[in-house]
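Input: a single structure, listed below in structure tokens.
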Amino acid sequence: MKPVPIHEAKAHLSRLIARACAGESVVIARGKKPMVKLVPVAGASGRQFGAMKGRARVTKAFFEPLPPEELEAWEQ
């Protein structure tokens, strides 16, 4: 993407933020000189604690010890 002039960035900031959050590189320029780059904040992925509650089950077998040959495979 080519740099976006500051006056255009002011007018379309919401749209530019959405594009940056979608992974697009958004550079804002003063004149022809690139000044800043819009990037999403680390960890702002929209995931929520407990979102998978009730969607997965852990059976009793999960808590049973692994067979010796499988343990050895993990240690290699």
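Lettering and numbering for the structure tokens are positional, with chains as A, B, ... in the shown order, residues counted from 1 in each chain, and ligands counted from 1 in the shown order.
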Just the residues within 8 Å of stretch 37-39 of chain A, please, counting only C-alpha atoms, with nothing from its chain fewer than 6 positions along; format it as a PyMOL selection string.
chain A and resi 17+20-21+25-28
Could you write out the selected residues, including C-alpha atoms, as a tab-separated table (two decimals), in the first residue's frame?
chain	number	residue	atom	x	y	z
A	17	ILE	CA	-7.54	1.00	11.49
A	20	ALA	CA	-4.28	-2.47	9.76
A	21	CYS	CA	-6.11	-4.93	12.04
A	25	SER	CA	0.56	-2.31	6.21
A	26	VAL	CA	-0.74	1.25	6.69
A	27	VAL	CA	1.83	4.06	6.52
A	28	ILE	CA	0.83	7.68	7.14
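Across A:Ile6, A:Ala56, A:Met1, A:Ala51, the tightest approach to A:Glu24 is made by A:Met1 when counting only C-alpha atoms.
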Residues within 7 Å of A:Arg30, only C-alpha atoms, excluding chain neighbours under 2 positions, as a ChimeraX atom specification
/A:5-6,32-35
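Coordinates place atom CA of A:Leu13 at a distance of 13.5 Å from atom CA of A:Pro40.
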Residues flagged helix (DSSP H, G or I) by DSSP in chain A, as an MDAnalysis selection string
chainID A and resid 6:11 13:21 60:63 68:75
Those selected residues, please, written with N, CA and C atoms and delivered as a compact mmCIF listing (two decimals), in the first residue's frame.
# COMPACT_ATOMS: atom_id res chain seq x y z
N ILE A 6 -1.61 12.59 5.69
CA ILE A 6 -2.21 12.83 7.01
C ILE A 6 -3.65 13.32 6.90
N HIS A 7 -3.93 14.26 6.00
CA HIS A 7 -5.30 14.79 5.91
C HIS A 7 -6.29 13.70 5.49
N GLU A 8 -5.85 12.76 4.65
CA GLU A 8 -6.71 11.65 4.26
C GLU A 8 -6.88 10.66 5.42
N ALA A 9 -5.80 10.46 6.20
CA ALA A 9 -5.87 9.56 7.34
C ALA A 9 -6.86 10.08 8.39
N LYS A 10 -6.88 11.40 8.58
CA LYS A 10 -7.83 11.99 9.52
C LYS A 10 -9.27 11.71 9.09
N ALA A 11 -9.52 11.82 7.80
CA ALA A 11 -10.87 11.66 7.28
C ALA A 11 -11.33 10.20 7.27
N LEU A 13 -9.84 7.51 9.28
CA LEU A 13 -9.09 6.78 10.30
C LEU A 13 -9.71 5.42 10.64
N SER A 14 -11.01 5.36 10.79
CA SER A 14 -11.66 4.08 11.14
C SER A 14 -11.39 3.02 10.08
N ARG A 15 -11.46 3.41 8.83
CA ARG A 15 -11.21 2.48 7.73
C ARG A 15 -9.74 2.01 7.73
N LEU A 16 -8.82 2.94 8.00
CA LEU A 16 -7.40 2.59 8.03
C LEU A 16 -7.10 1.65 9.21
N ILE A 17 -7.73 1.89 10.33
CA ILE A 17 -7.54 1.00 11.49
C ILE A 17 -8.03 -0.40 11.16
N ALA A 18 -9.17 -0.51 10.53
CA ALA A 18 -9.70 -1.83 10.15
C ALA A 18 -8.74 -2.54 9.21
N ARG A 19 -8.17 -1.82 8.27
CA ARG A 19 -7.22 -2.43 7.32
C ARG A 19 -5.96 -2.89 8.05
N ALA A 20 -5.47 -2.08 9.00
CA ALA A 20 -4.28 -2.47 9.76
C ALA A 20 -4.58 -3.70 10.60
N CYS A 21 -5.74 -3.77 11.23
CA CYS A 21 -6.11 -4.93 12.04
C CYS A 21 -6.27 -6.19 11.20
N LYS A 60 -11.74 -39.15 31.03
CA LYS A 60 -10.90 -39.68 32.10
C LYS A 60 -9.56 -40.18 31.56
N ALA A 61 -9.55 -40.65 30.32
CA ALA A 61 -8.32 -41.18 29.72
C ALA A 61 -7.23 -40.11 29.65
N PHE A 62 -7.62 -38.86 29.58
CA PHE A 62 -6.65 -37.76 29.51
C PHE A 62 -5.75 -37.75 30.74
N PHE A 63 -6.29 -38.14 31.89
CA PHE A 63 -5.55 -38.08 33.15
C PHE A 63 -4.80 -39.37 33.48
N PRO A 68 4.83 -46.50 28.74
CA PRO A 68 6.27 -46.22 28.76
C PRO A 68 6.86 -45.89 27.38
N GLU A 69 6.42 -46.60 26.34
CA GLU A 69 6.99 -46.33 25.00
C GLU A 69 6.62 -44.93 24.50
N GLU A 70 5.46 -44.42 24.89
CA GLU A 70 5.07 -43.07 24.48
C GLU A 70 5.85 -42.03 25.27
N LEU A 71 6.08 -42.29 26.55
CA LEU A 71 6.89 -41.39 27.36
C LEU A 71 8.30 -41.29 26.80
N GLU A 72 8.86 -42.43 26.40
CA GLU A 72 10.21 -42.43 25.82
C GLU A 72 10.25 -41.62 24.52
N ALA A 73 9.21 -41.71 23.73
CA ALA A 73 9.16 -40.96 22.47
C ALA A 73 9.17 -39.44 22.74
N TRP A 74 8.51 -39.01 23.80
CA TRP A 74 8.49 -37.58 24.14
C TRP A 74 9.85 -37.11 24.65
N GLU A 75 10.60 -37.98 25.28
CA GLU A 75 11.89 -37.61 25.85
C GLU A 75 12.99 -37.52 24.79
